[in-house]
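Student: Pasting protein_29.pdb below, which is PDB, C-alpha atoms and all ligand atoms.
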ATOM      1  CA  MET L   1    -230.973  52.219 -53.112
ATOM      2  CA  SER L   2    -231.281  55.026 -55.670
ATOM      3  CA  ASP L   3    -228.184  55.746 -57.726
ATOM      4  CA  PHE L   4    -227.333  59.447 -57.607
ATOM      5  CA  SER L   5    -223.786  58.930 -58.889
ATOM      6  CA  LYS L   6    -224.577  60.452 -62.309
ATOM      7  CA  GLY L   7    -226.419  63.405 -60.835
ATOM      8  CA  ALA L   8    -229.685  64.480 -59.269
ATOM      9  CA  ALA L   9    -232.757  66.265 -60.592
ATOM     10  CA  TYR L  10    -235.702  68.183 -59.192
ATOM     11  CA  ILE L  11    -238.932  67.327 -60.981
ATOM     12  CA  ASN L  12    -242.573  67.341 -59.854
ATOM     13  CA  GLY L  13    -241.516  68.571 -56.437
ATOM     14  CA  LYS L  14    -239.079  65.721 -55.758
ATOM     15  CA  ILE L  15    -235.328  65.097 -55.967
ATOM     16  CA  VAL L  16    -234.627  61.960 -58.019
ATOM     17  CA  PRO L  17    -231.585  60.341 -59.661
ATOM     18  CA  ILE L  18    -230.909  62.115 -62.970
ATOM     19  CA  ASN L  19    -231.687  59.007 -65.024
ATOM     20  CA  GLU L  20    -235.174  58.848 -63.518
ATOM     21  CA  ALA L  21    -236.045  62.480 -64.327
ATOM     22  CA  LYS L  22    -238.457  62.387 -67.295
ATOM     23  CA  ILE L  23    -240.626  65.161 -68.711
ATOM     24  CA  SER L  24    -243.866  64.771 -70.654
ATOM     25  CA  LEU L  25    -243.775  64.893 -74.467
ATOM     26  CA  LEU L  26    -246.562  67.444 -74.248
ATOM     27  CA  ASP L  27    -244.536  70.064 -72.363
ATOM     28  CA  TRP L  28    -244.161  73.058 -74.703
ATOM     29  CA  GLY L  29    -240.581  73.330 -73.518
ATOM     30  CA  PHE L  30    -240.023  70.241 -75.621
ATOM     31  CA  LEU L  31    -242.635  70.752 -78.364
ATOM     32  CA  HIS L  32    -241.899  74.445 -79.061
ATOM     33  CA  SER L  33    -238.499  75.141 -77.458
ATOM     34  CA  ASP L  34    -240.626  77.413 -75.285
ATOM     35  CA  ALA L  35    -238.354  77.557 -72.286
ATOM     36  CA  THR L  36    -235.683  79.503 -70.513
ATOM     37  CA  TYR L  37    -232.849  78.177 -68.426
ATOM     38  CA  ASP L  38    -229.683  79.076 -66.604
ATOM     39  CA  VAL L  39    -226.559  77.205 -65.627
ATOM     40  CA  VAL L  40    -224.433  77.893 -62.580
ATOM     41  CA  HIS L  41    -221.445  75.825 -61.606
ATOM     42  CA  VAL L  42    -220.181  74.437 -58.336
ATOM     43  CA  TRP L  43    -216.435  74.332 -57.792
ATOM     44  CA  ASP L  44    -214.860  72.825 -54.693
ATOM     45  CA  GLY L  45    -218.235  72.668 -52.993
ATOM     46  CA  ARG L  46    -219.226  76.282 -53.701
ATOM     47  CA  PHE L  47    -221.647  77.872 -56.164
ATOM     48  CA  PHE L  48    -219.958  80.553 -58.273
ATOM     49  CA  ARG L  49    -221.845  83.866 -58.680
ATOM     50  CA  LEU L  50    -225.139  82.207 -57.793
ATOM     51  CA  THR L  51    -226.981  85.512 -57.246
ATOM     52  CA  ASN L  52    -226.045  86.690 -60.749
ATOM     53  CA  HIS L  53    -227.378  83.467 -62.263
ATOM     54  CA  LEU L  54    -230.595  83.606 -60.234
ATOM     55  CA  ASN L  55    -231.152  87.254 -61.206
ATOM     56  CA  ARG L  56    -230.628  86.457 -64.885
ATOM     57  CA  PHE L  57    -232.973  83.471 -64.659
ATOM     58  CA  TYR L  58    -235.814  85.440 -63.051
ATOM     59  CA  ALA L  59    -235.286  88.292 -65.552
ATOM     60  CA  SER L  60    -235.492  85.785 -68.439
ATOM     61  CA  MET L  61    -238.737  84.345 -67.048
ATOM     62  CA  ASP L  62    -240.204  87.847 -66.716
ATOM     63  CA  LYS L  63    -239.370  88.696 -70.312
ATOM     64  CA  LEU L  64    -241.028  85.473 -71.490
ATOM     65  CA  ARG L  65    -244.068  86.013 -69.233
ATOM     66  CA  MET L  66    -243.352  82.882 -67.261
ATOM     67  CA  SER L  67    -243.429  82.426 -63.524
ATOM     68  CA  ILE L  68    -242.705  79.747 -60.964
ATOM     69  CA  PRO L  69    -244.020  79.347 -57.440
ATOM     70  CA  HIS L  70    -240.501  79.439 -55.945
ATOM     71  CA  THR L  71    -238.834  82.558 -54.538
ATOM     72  CA  PRO L  72    -235.084  83.003 -55.199
ATOM     73  CA  PRO L  73    -234.168  81.629 -51.710
ATOM     74  CA  GLN L  74    -236.438  78.612 -52.303
ATOM     75  CA  LEU L  75    -234.833  78.070 -55.697
ATOM     76  CA  GLN L  76    -231.403  78.256 -54.075
ATOM     77  CA  THR L  77    -232.520  75.533 -51.659
ATOM     78  CA  ILE L  78    -233.711  73.322 -54.531
ATOM     79  CA  LEU L  79    -230.408  73.727 -56.394
ATOM     80  CA  THR L  80    -228.469  73.066 -53.199
ATOM     81  CA  ASP L  81    -230.544  69.938 -52.556
ATOM     82  CA  CYS L  82    -229.765  68.660 -56.070
ATOM     83  CA  VAL L  83    -226.031  69.170 -55.519
ATOM     84  CA  LYS L  84    -226.138  67.593 -52.064
ATOM     85  CA  ALA L  85    -228.078  64.577 -53.330
ATOM     86  CA  SER L  86    -225.496  64.091 -56.083
ATOM     87  CA  GLY L  87    -222.626  64.528 -53.642
ATOM     88  CA  LEU L  88    -220.735  66.354 -56.403
ATOM     89  CA  ARG L  89    -218.166  68.953 -55.347
ATOM     90  CA  GLU L  90    -217.667  70.058 -58.976
ATOM     91  CA  ALA L  91    -220.994  70.285 -60.736
ATOM     92  CA  TYR L  92    -222.928  71.765 -63.652
ATOM     93  CA  VAL L  93    -226.245  72.903 -62.238
ATOM     94  CA  GLU L  94    -229.105  73.770 -64.552
ATOM     95  CA  MET L  95    -232.472  75.372 -63.765
ATOM     96  CA  ILE L  96    -235.222  75.363 -66.386
ATOM     97  CA  THR L  97    -238.671  76.896 -66.697
ATOM     98  CA  THR L  98    -240.857  75.740 -69.575
ATOM     99  CA  ARG L  99    -244.165  77.081 -70.839
ATOM    100  CA  GLY L 100    -245.522  73.768 -69.632
ATOM    101  CA  PHE L 101    -248.983  72.463 -70.448
ATOM    102  CA  PRO L 102    -251.987  74.355 -71.866
ATOM    103  CA  GLN L 103    -255.518  73.707 -70.733
ATOM    104  CA  ALA L 104    -256.956  70.680 -72.547
ATOM    105  CA  GLY L 105    -257.654  71.522 -76.189
ATOM    106  CA  SER L 106    -256.202  75.053 -75.947
ATOM    107  CA  ARG L 107    -253.326  76.527 -77.909
ATOM    108  CA  ASP L 108    -253.355  79.734 -75.893
ATOM    109  CA  PRO L 109    -250.060  80.195 -74.023
ATOM    110  CA  ARG L 110    -251.888  82.197 -71.347
ATOM    111  CA  THR L 111    -253.602  78.978 -70.248
ATOM    112  CA  CYS L 112    -250.307  77.162 -69.725
ATOM    113  CA  THR L 113    -249.085  75.981 -66.365
ATOM    114  CA  ASN L 114    -245.357  76.713 -66.396
ATOM    115  CA  GLN L 115    -243.081  73.941 -65.198
ATOM    116  CA  PHE L 116    -239.828  74.164 -63.270
ATOM    117  CA  TYR L 117    -237.057  71.588 -63.386
ATOM    118  CA  ALA L 118    -233.467  71.549 -62.150
ATOM    119  CA  PHE L 119    -230.537  69.186 -62.110
ATOM    120  CA  ALA L 120    -226.917  68.798 -61.013
ATOM    121  CA  ILE L 121    -224.514  66.655 -63.030
ATOM    122  CA  PRO L 122    -220.695  66.362 -63.065
ATOM    123  CA  PHE L 123    -218.848  69.515 -64.201
ATOM    124  CA  VAL L 124    -218.833  70.097 -67.963
ATOM    125  CA  TRP L 125    -215.964  71.770 -69.883
ATOM    126  CA  VAL L 126    -216.301  73.331 -73.336
ATOM    127  CA  THR L 127    -212.586  72.498 -73.407
ATOM    128  CA  PRO L 128    -210.064  71.857 -70.619
ATOM    129  CA  PRO L 129    -208.354  75.103 -69.506
ATOM    130  CA  GLN L 130    -205.044  74.676 -71.348
ATOM    131  CA  GLN L 131    -206.379  72.907 -74.404
ATOM    132  CA  GLY L 132    -207.082  75.608 -76.952
ATOM    133  CA  LEU L 133    -209.705  74.946 -79.571
ATOM    134  CA  HIS L 134    -209.762  75.319 -83.317
ATOM    135  CA  LEU L 135    -212.631  77.735 -84.009
ATOM    136  CA  ILE L 136    -214.347  78.003 -87.365
ATOM    137  CA  ILE L 137    -216.159  81.242 -88.157
ATOM    138  CA  SER L 138    -219.232  79.691 -89.678
ATOM    139  CA  ARG L 139    -221.556  81.254 -92.229
ATOM    140  CA  GLN L 140    -224.400  80.302 -89.961
ATOM    141  CA  GLN L 141    -226.267  83.399 -88.779
ATOM    142  CA  ARG L 142    -227.287  83.771 -85.150
ATOM    143  CA  ILE L 143    -231.053  84.073 -84.971
ATOM    144  CA  PRO L 144    -231.673  87.870 -84.923
ATOM    145  CA  ALA L 145    -232.140  89.430 -81.513
ATOM    146  CA  GLU L 146    -235.378  90.962 -82.825
ATOM    147  CA  SER L 147    -236.754  87.412 -83.241
ATOM    148  CA  VAL L 148    -235.371  85.564 -80.243
ATOM    149  CA  ASN L 149    -233.548  87.817 -77.818
ATOM    150  CA  PRO L 150    -230.278  86.066 -76.917
ATOM    151  CA  VAL L 151    -230.168  87.990 -73.636
ATOM    152  CA  ILE L 152    -232.916  85.566 -72.570
ATOM    153  CA  LYS L 153    -231.049  82.281 -72.186
ATOM    154  CA  ASN L 154    -232.947  79.927 -74.466
ATOM    155  CA  TYR L 155    -232.995  76.589 -76.240
ATOM    156  CA  HIS L 156    -233.102  77.941 -79.822
ATOM    157  CA  TRP L 157    -229.844  76.176 -80.554
ATOM    158  CA  LEU L 158    -230.303  75.106 -84.193
ATOM    159  CA  ASP L 159    -228.138  77.959 -85.477
ATOM    160  CA  LEU L 160    -225.393  77.059 -82.986
ATOM    161  CA  VAL L 161    -225.596  73.333 -83.676
ATOM    162  CA  MET L 162    -225.585  73.730 -87.473
ATOM    163  CA  GLY L 163    -222.584  76.035 -87.022
ATOM    164  CA  GLN L 164    -220.867  73.220 -85.120
ATOM    165  CA  PHE L 165    -221.489  70.767 -87.961
ATOM    166  CA  GLU L 166    -220.046  73.301 -90.417
ATOM    167  CA  ALA L 167    -216.980  73.596 -88.168
ATOM    168  CA  TYR L 168    -216.492  69.804 -87.970
ATOM    169  CA  ASP L 169    -216.793  69.563 -91.774
ATOM    170  CA  GLN L 170    -213.877  72.017 -92.004
ATOM    171  CA  GLY L 171    -211.708  70.189 -89.494
ATOM    172  CA  GLY L 172    -212.502  72.583 -86.656
ATOM    173  CA  GLU L 173    -213.624  71.809 -83.131
ATOM    174  CA  THR L 174    -216.194  74.514 -82.509
ATOM    175  CA  ALA L 175    -217.928  77.393 -84.238
ATOM    176  CA  ALA L 176    -218.672  81.078 -84.026
ATOM    177  CA  VAL L 177    -221.960  82.214 -85.522
ATOM    178  CA  VAL L 178    -222.302  85.621 -87.158
ATOM    179  CA  ASP L 179    -224.929  88.294 -87.726
ATOM    180  CA  ALA L 180    -226.359  89.418 -91.085
ATOM    181  CA  GLN L 181    -223.352  91.759 -91.551
ATOM    182  CA  GLY L 182    -220.899  88.930 -90.897
ATOM    183  CA  ASN L 183    -219.795  90.133 -87.439
ATOM    184  CA  ILE L 184    -218.894  87.432 -84.937
ATOM    185  CA  LYS L 185    -221.553  86.916 -82.251
ATOM    186  CA  GLU L 186    -221.060  83.870 -80.018
ATOM    187  CA  GLY L 187    -220.709  80.104 -80.060
ATOM    188  CA  PRO L 188    -222.498  77.021 -78.733
ATOM    189  CA  GLY L 189    -222.537  77.901 -75.045
ATOM    190  CA  PHE L 190    -219.864  80.612 -74.972
ATOM    191  CA  ASN L 191    -219.015  84.287 -75.560
ATOM    192  CA  ILE L 192    -215.941  85.318 -77.551
ATOM    193  CA  PHE L 193    -213.105  87.795 -76.874
ATOM    194  CA  ALA L 194    -210.177  88.925 -79.022
ATOM    195  CA  VAL L 195    -207.050  90.535 -77.572
ATOM    196  CA  LYS L 196    -204.921  92.889 -79.685
ATOM    197  CA  GLU L 197    -202.033  94.887 -78.197
ATOM    198  CA  GLY L 198    -203.543  94.621 -74.726
ATOM    199  CA  VAL L 199    -207.040  95.746 -75.772
ATOM    200  CA  LEU L 200    -209.896  93.276 -75.423
ATOM    201  CA  THR L 201    -212.897  93.291 -77.747
ATOM    202  CA  THR L 202    -216.125  91.348 -77.312
ATOM    203  CA  PRO L 203    -219.430  91.812 -79.136
ATOM    204  CA  ALA L 204    -221.707  94.300 -77.371
ATOM    205  CA  SER L 205    -225.072  92.966 -78.529
ATOM    206  CA  GLY L 206    -226.816  90.068 -80.184
ATOM    207  CA  VAL L 207    -225.321  87.705 -77.582
ATOM    208  CA  LEU L 208    -226.153  86.248 -74.195
ATOM    209  CA  GLU L 209    -224.747  88.533 -71.515
ATOM    210  CA  GLY L 210    -222.676  85.717 -70.077
ATOM    211  CA  ILE L 211    -221.821  85.793 -66.391
ATOM    212  CA  THR L 212    -218.329  84.528 -67.278
ATOM    213  CA  ARG L 213    -218.106  87.262 -69.942
ATOM    214  CA  GLN L 214    -218.972  89.786 -67.225
ATOM    215  CA  THR L 215    -216.366  88.258 -64.900
ATOM    216  CA  ALA L 216    -213.711  88.414 -67.634
ATOM    217  CA  ILE L 217    -214.561  92.075 -68.296
ATOM    218  CA  GLU L 218    -214.304  92.903 -64.586
ATOM    219  CA  LEU L 219    -211.013  91.020 -64.160
ATOM    220  CA  ALA L 220    -209.453  92.509 -67.292
ATOM    221  CA  THR L 221    -210.482  96.023 -66.282
ATOM    222  CA  ALA L 222    -209.086  95.484 -62.766
ATOM    223  CA  GLN L 223    -205.817  94.323 -64.332
ATOM    224  CA  GLY L 224    -205.594  97.560 -66.329
ATOM    225  CA  TYR L 225    -206.660  96.291 -69.740
ATOM    226  CA  GLN L 226    -209.042  98.273 -71.897
ATOM    227  CA  VAL L 227    -212.181  96.296 -72.775
ATOM    228  CA  LEU L 228    -214.238  97.352 -75.782
ATOM    229  CA  GLN L 229    -217.755  96.059 -76.185
ATOM    230  CA  LYS L 230    -218.184  96.489 -79.905
ATOM    231  CA  GLU L 231    -218.542  94.520 -83.117
ATOM    232  CA  LEU L 232    -215.860  91.882 -83.640
ATOM    233  CA  THR L 233    -215.177  91.178 -87.310
ATOM    234  CA  PRO L 234    -213.725  87.868 -88.527
ATOM    235  CA  GLU L 235    -210.695  89.810 -89.825
ATOM    236  CA  ALA L 236    -210.063  91.346 -86.385
ATOM    237  CA  ALA L 237    -210.384  87.949 -84.709
ATOM    238  CA  ARG L 238    -207.986  86.304 -87.172
ATOM    239  CA  ALA L 239    -205.457  89.135 -86.700
ATOM    240  CA  ALA L 240    -205.711  89.094 -82.883
ATOM    241  CA  ASP L 241    -202.807  88.253 -80.580
ATOM    242  CA  GLU L 242    -205.093  86.001 -78.536
ATOM    243  CA  VAL L 243    -208.674  84.820 -78.686
ATOM    244  CA  PHE L 244    -210.538  83.223 -75.816
ATOM    245  CA  ILE L 245    -214.036  82.065 -75.017
ATOM    246  CA  THR L 246    -215.992  82.326 -71.782
ATOM    247  CA  SER L 247    -218.602  79.993 -70.331
ATOM    248  CA  THR L 248    -219.868  78.635 -67.048
ATOM    249  CA  ALA L 249    -218.901  75.318 -68.648
ATOM    250  CA  GLY L 250    -215.159  75.811 -68.149
ATOM    251  CA  GLY L 251    -214.523  79.492 -67.410
ATOM    252  CA  ILE L 252    -211.977  81.311 -69.596
ATOM    253  CA  MET L 253    -210.641  79.022 -72.324
ATOM    254  CA  PRO L 254    -208.184  79.666 -75.160
ATOM    255  CA  ILE L 255    -208.725  79.444 -78.896
ATOM    256  CA  PHE L 256    -205.490  78.427 -80.653
ATOM    257  CA  LYS L 257    -206.622  78.404 -84.264
ATOM    258  CA  ILE L 258    -209.218  80.201 -86.332
ATOM    259  CA  ASP L 259    -210.134  78.880 -89.784
ATOM    260  CA  GLN L 260    -207.022  76.612 -89.957
ATOM    261  CA  GLN L 261    -204.577  79.407 -88.939
ATOM    262  CA  LEU L 262    -202.754  79.637 -85.605
ATOM    263  CA  ILE L 263    -203.515  82.885 -83.799
ATOM    264  CA  GLY L 264    -200.711  85.439 -83.265
ATOM    265  CA  GLY L 265    -199.644  85.131 -79.628
ATOM    266  CA  ASN L 266    -200.704  81.499 -79.365
ATOM    267  CA  LYS L 267    -197.617  79.480 -80.209
ATOM    268  CA  LYS L 268    -198.836  76.032 -81.096
ATOM    269  CA  GLY L 269    -200.205  74.407 -77.989
ATOM    270  CA  THR L 270    -199.680  77.311 -75.591
ATOM    271  CA  ILE L 271    -202.094  79.687 -73.967
ATOM    272  CA  GLY L 272    -201.593  83.445 -74.500
ATOM    273  CA  ALA L 273    -200.286  85.614 -71.648
ATOM    274  CA  VAL L 274    -203.429  87.737 -71.208
ATOM    275  CA  THR L 275    -205.719  84.707 -71.384
ATOM    276  CA  GLN L 276    -203.544  82.930 -68.804
ATOM    277  CA  LYS L 277    -203.643  85.884 -66.394
ATOM    278  CA  LEU L 278    -207.408  86.164 -66.666
ATOM    279  CA  GLN L 279    -207.866  82.420 -66.319
ATOM    280  CA  ASP L 280    -205.715  82.354 -63.160
ATOM    281  CA  ALA L 281    -207.632  85.283 -61.676
ATOM    282  CA  TYR L 282    -210.941  83.665 -62.615
ATOM    283  CA  TRP L 283    -210.171  80.452 -60.739
ATOM    284  CA  GLN L 284    -208.828  82.416 -57.751
ATOM    285  CA  LEU L 285    -212.251  84.052 -57.397
ATOM    286  CA  HIS L 286    -213.669  80.587 -56.746
ATOM    287  CA  SER L 287    -212.462  80.675 -53.152
ATOM    288  CA  ASP L 288    -213.541  84.292 -52.585
ATOM    289  CA  PRO L 289    -216.631  84.455 -50.326
ATOM    290  CA  HIS L 290    -217.901  87.521 -52.224
ATOM    291  CA  TYR L 291    -218.297  85.419 -55.350
ATOM    292  CA  THR L 292    -219.183  82.042 -53.925
ATOM    293  CA  THR L 293    -221.847  80.311 -51.832
ATOM    294  CA  ASN L 294    -220.705  77.435 -49.684
ATOM    295  CA  ILE L 295    -222.696  74.182 -49.761
ATOM    296  CA  ASN L 296    -223.037  72.226 -46.503
ATOM    297  CA  TYR L 297    -223.037  68.639 -47.772
TER     298      TYR L 297
HETATM  299  N1  LIG E 301    -223.665  82.270 -75.060
HETATM  300  C1  LIG E 301    -224.546  81.248 -75.110
HETATM  301  C2  LIG E 301    -225.391  81.085 -76.327
HETATM  302  C3  LIG E 301    -224.660  80.353 -74.029
HETATM  303  O1  LIG E 301    -225.545  79.361 -74.075
HETATM  304  C4  LIG E 301    -223.815  80.536 -72.907
HETATM  305  C5  LIG E 301    -223.879  79.624 -71.762
HETATM  306  O2  LIG E 301    -224.374  78.542 -71.809
HETATM  307  C6  LIG E 301    -222.906  81.600 -72.900
HETATM  308  C7  LIG E 301    -222.874  82.456 -73.984
HETATM  309  C8  LIG E 301    -221.993  81.821 -71.709
HETATM  310  O3  LIG E 301    -222.723  82.322 -70.622
HETATM  311  P1  LIG E 301    -222.237  82.112 -69.117
HETATM  312  O4  LIG E 301    -220.893  82.698 -69.018
HETATM  313  O5  LIG E 301    -223.257  82.836 -68.294
HETATM  314  O6  LIG E 301    -222.227  80.653 -68.877
END
Show me the file's structure as structure tokens.

Tutor:
Amino acid sequence: MSDFSKGAAYINGKIVPINEAKISLLDWGFLHSDATYDVVHVWDGRFFRLTNHLNRFYASMDKLRMSIPHTPPQLQTILTDCVKASGLREAYVEMITTRGFPQAGSRDPRTCTNQFYAFAIPFVWVTPPQQGLHLIISRQQRIPAESVNPVIKNYHWLDLVMGQFEAYDQGGETAAVVDAQGNIKEGPGFNIFAVKEGVLTTPASGVLEGITRQTAIELATAQGYQVLQKELTPEAARAADEVFITSTAGGIMPIFKIDQQLIGGNKKGTIGAVTQKLQDAYWQLHSDPHYTTNINY
């Protein structure tokens, strides 16, 4: 009997236990980080904003001149099959397209056969919902959008990972990377918001247009808050009443400390009022049929 308890993957046209899913060393996704991906989550047996994730994934492939033989409905079936095989009702579901393999002896990307992979594993949290993180604003610069466009979800993570090491060295738990002017951009797998006197600010550009970021903007606007998409300086973030991060891996999650200092509204160990309201509203959407796709296990 195959063991799907740790998750399921789709590879070479088959669903297999996650531990049996292996890619070739020669796939340019591995050799060159030449890949795009997306992550959607499943909560209580339902995909959250699946159409948004699929649209972003196909748009990323287009921009990278990649294609797969699967239509969006076929892709939805593959993802659903991964989740069903795993039996998980709370899952982290990733879809990946790599440049794949060139014709023998060629280094011409036009000769490559793109590869598609997917997997479902147990839900992943950047941090549990009430457990605010200590964020370090690292000196690490996000790779410029002119070089690798962060709107295309990609595996160029060295800037983010080196930022994380810098944060750990300073006693922090995660990092924000900056642009050449020192403005805050994003972190390893999340977007960043600051709240000051009821006004939310999140960087407008140079970041992945996160689906959770979009959800937070929609929820905040519906709740009557002003949301500014503009540069967020380290000074503004440190002086904020609340700071939170957004990711498919955990939703809307609080930051309690920046660069060793507790943030204004965040009394030690408590989540700020605006962050809490948005977090509650975010999880409520997870039973709303307009935002979710039911899985028949
Ligand atoms: N920024 C980066 C660099 C990411 O990798 C991610 C997600 O993995 C995000 C932001 C958050 O995006 P989403 O809310 O769509 O998960």

Student: List as JSON, numbers by chain the residues having at least one atom at most 12 Å from position (-229.4, 84.1, -79.4) as given in the file, counting all atoms listed in the file.

Tutor: {"L": [36, 141, 142, 143, 144, 145, 146, 147, 148, 149, 150, 151, 152, 153, 154, 155, 156, 157, 158, 159, 160, 177, 178, 179, 185, 186, 187, 188, 189, 190, 191, 205, 206, 207, 208, 209, 210]}

Student: Give me, as an mmCIF file with C-alpha atoms, keeping the file's coordinate frame, all polymer residues having an atom no more than 12 Å from Thr221 of chain L, counting only C-alpha atoms and skipping those fewer than 5 positions away in the same chain.

Tutor:
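The resulting file, out_12.cif, is reproduced below:
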data_model
loop_
_atom_site.group_PDB
_atom_site.id
_atom_site.type_symbol
_atom_site.label_atom_id
_atom_site.label_comp_id
_atom_site.auth_asym_id
_atom_site.auth_seq_id
_atom_site.Cartn_x
_atom_site.Cartn_y
_atom_site.Cartn_z
ATOM 1 C CA GLY L 198 -203.543 94.621 -74.726
ATOM 2 C CA VAL L 199 -207.040 95.746 -75.772
ATOM 3 C CA LEU L 200 -209.896 93.276 -75.423
ATOM 4 C CA GLN L 214 -218.972 89.786 -67.225
ATOM 5 C CA THR L 215 -216.366 88.258 -64.900
ATOM 6 C CA ALA L 216 -213.711 88.414 -67.634
ATOM 7 C CA GLN L 226 -209.042 98.273 -71.897
ATOM 8 C CA VAL L 227 -212.181 96.296 -72.775
ATOM 9 C CA LEU L 228 -214.238 97.352 -75.782
ATOM 10 C CA VAL L 274 -203.429 87.737 -71.208
ATOM 11 C CA LEU L 278 -207.408 86.164 -66.666
#

Student: Report as a compact mmCIF listing (two decimals) with C-alpha atoms, in the frame of the given file all protein, DNA and RNA residues lying within 7 Å of segment 22-31 of chain L, evaluated on only C-alpha atoms, omitting residues in the same chain fewer than 2 positions from it.

Tutor:
# COMPACT_ATOMS: atom_id res chain seq x y z
CA GLU L 20 -235.17 58.85 -63.52
CA SER L 33 -238.50 75.14 -77.46
CA ASP L 34 -240.63 77.41 -75.28
CA ALA L 35 -238.35 77.56 -72.29
CA THR L 98 -240.86 75.74 -69.58
CA ARG L 99 -244.16 77.08 -70.84
CA GLY L 100 -245.52 73.77 -69.63
CA PHE L 101 -248.98 72.46 -70.45

Student: What's the separation between atom CA of Gly87 of chain L and atom CA of Asp3 of chain L, in Å to one decimal place?

Tutor: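 Separating atom CA of Gly87 of chain L from atom CA of Asp3 of chain L is a distance of 11.2 Å.
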
Student: Given the file above and the PyMOL selection byres (((chain L and resi 88) around 12) and not hetatm), which residues are selected, and can you give them as a PyMOL selection string?

Tutor: chain L and resi 4-8+41-47+80-87+89-93+119-123+295-297

Student: Just the number, please: distance in Å from atom CA of Pro72 of chain L to atom CA of Tyr58 of chain L, one decimal.

Tutor: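 Calculated distance between atom CA of Pro72 of chain L and atom CA of Tyr58 of chain L is 8.3 Å.
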
Student: Starting from the block above, write segment 156-161 of chain L out to a file with all heavy atoms, as a PDB file, in the first residue's frame, please.

Tutor:
ATOM      1  N   HIS L 156      13.556  32.565  -7.350  1.00  0.00           N
ATOM      2  CA  HIS L 156      14.791  33.327  -7.080  1.00  0.00           C
ATOM      3  C   HIS L 156      14.740  33.796  -5.627  1.00  0.00           C
ATOM      4  O   HIS L 156      14.453  34.939  -5.347  1.00  0.00           O
ATOM      5  CB  HIS L 156      14.907  34.502  -8.045  1.00  0.00           C
ATOM      6  CG  HIS L 156      15.216  34.077  -9.431  1.00  0.00           C
ATOM      7  ND1 HIS L 156      16.490  34.089  -9.950  1.00  0.00           N
ATOM      8  CD2 HIS L 156      14.420  33.568 -10.392  1.00  0.00           C
ATOM      9  CE1 HIS L 156      16.459  33.613 -11.183  1.00  0.00           C
ATOM     10  NE2 HIS L 156      15.204  33.295 -11.470  1.00  0.00           N
ATOM     11  N   TRP L 157      15.018  32.884  -4.739  1.00  0.00           N
ATOM     12  CA  TRP L 157      14.798  33.141  -3.308  1.00  0.00           C
ATOM     13  C   TRP L 157      16.083  33.485  -2.551  1.00  0.00           C
ATOM     14  O   TRP L 157      16.061  33.609  -1.335  1.00  0.00           O
ATOM     15  CB  TRP L 157      14.129  31.910  -2.665  1.00  0.00           C
ATOM     16  CG  TRP L 157      12.628  32.033  -2.663  1.00  0.00           C
ATOM     17  CD1 TRP L 157      11.818  32.218  -3.737  1.00  0.00           C
ATOM     18  CD2 TRP L 157      11.757  31.990  -1.505  1.00  0.00           C
ATOM     19  NE1 TRP L 157      10.494  32.278  -3.330  1.00  0.00           N
ATOM     20  CE2 TRP L 157      10.433  32.142  -1.972  1.00  0.00           C
ATOM     21  CE3 TRP L 157      11.968  31.829  -0.135  1.00  0.00           C
ATOM     22  CZ2 TRP L 157       9.322  32.151  -1.113  1.00  0.00           C
ATOM     23  CZ3 TRP L 157      10.868  31.836   0.712  1.00  0.00           C
ATOM     24  CH2 TRP L 157       9.569  31.999   0.221  1.00  0.00           C
ATOM     25  N   LEU L 158      17.228  33.612  -3.227  1.00  0.00           N
ATOM     26  CA  LEU L 158      18.466  33.811  -2.471  1.00  0.00           C
ATOM     27  C   LEU L 158      18.456  35.112  -1.685  1.00  0.00           C
ATOM     28  O   LEU L 158      18.977  35.180  -0.569  1.00  0.00           O
ATOM     29  CB  LEU L 158      19.682  33.775  -3.412  1.00  0.00           C
ATOM     30  CG  LEU L 158      19.959  32.402  -4.030  1.00  0.00           C
ATOM     31  CD1 LEU L 158      21.168  32.471  -4.951  1.00  0.00           C
ATOM     32  CD2 LEU L 158      20.182  31.357  -2.959  1.00  0.00           C
ATOM     33  N   ASP L 159      17.847  36.160  -2.247  1.00  0.00           N
ATOM     34  CA  ASP L 159      17.757  37.424  -1.508  1.00  0.00           C
ATOM     35  C   ASP L 159      16.915  37.237  -0.236  1.00  0.00           C
ATOM     36  O   ASP L 159      17.293  37.680   0.858  1.00  0.00           O
ATOM     37  CB  ASP L 159      17.193  38.553  -2.393  1.00  0.00           C
ATOM     38  CG  ASP L 159      15.960  38.145  -3.201  1.00  0.00           C
ATOM     39  OD1 ASP L 159      15.481  36.997  -3.037  1.00  0.00           O
ATOM     40  OD2 ASP L 159      15.465  38.979  -3.977  1.00  0.00           O
ATOM     41  N   LEU L 160      15.794  36.527  -0.394  1.00  0.00           N
ATOM     42  CA  LEU L 160      14.894  36.308   0.751  1.00  0.00           C
ATOM     43  C   LEU L 160      15.557  35.424   1.808  1.00  0.00           C
ATOM     44  O   LEU L 160      15.467  35.694   3.017  1.00  0.00           O
ATOM     45  CB  LEU L 160      13.589  35.657   0.266  1.00  0.00           C
ATOM     46  CG  LEU L 160      12.781  36.484  -0.756  1.00  0.00           C
ATOM     47  CD1 LEU L 160      11.684  35.642  -1.385  1.00  0.00           C
ATOM     48  CD2 LEU L 160      12.191  37.721  -0.085  1.00  0.00           C
ATOM     49  N   VAL L 161      16.243  34.397   1.359  1.00  0.00           N
ATOM     50  CA  VAL L 161      16.857  33.458   2.308  1.00  0.00           C
ATOM     51  C   VAL L 161      18.047  34.113   3.019  1.00  0.00           C
ATOM     52  O   VAL L 161      18.204  33.960   4.245  1.00  0.00           O
ATOM     53  CB  VAL L 161      17.274  32.158   1.576  1.00  0.00           C
ATOM     54  CG1 VAL L 161      18.105  31.273   2.488  1.00  0.00           C
ATOM     55  CG2 VAL L 161      16.038  31.412   1.096  1.00  0.00           C
TER      56      VAL L 161
END
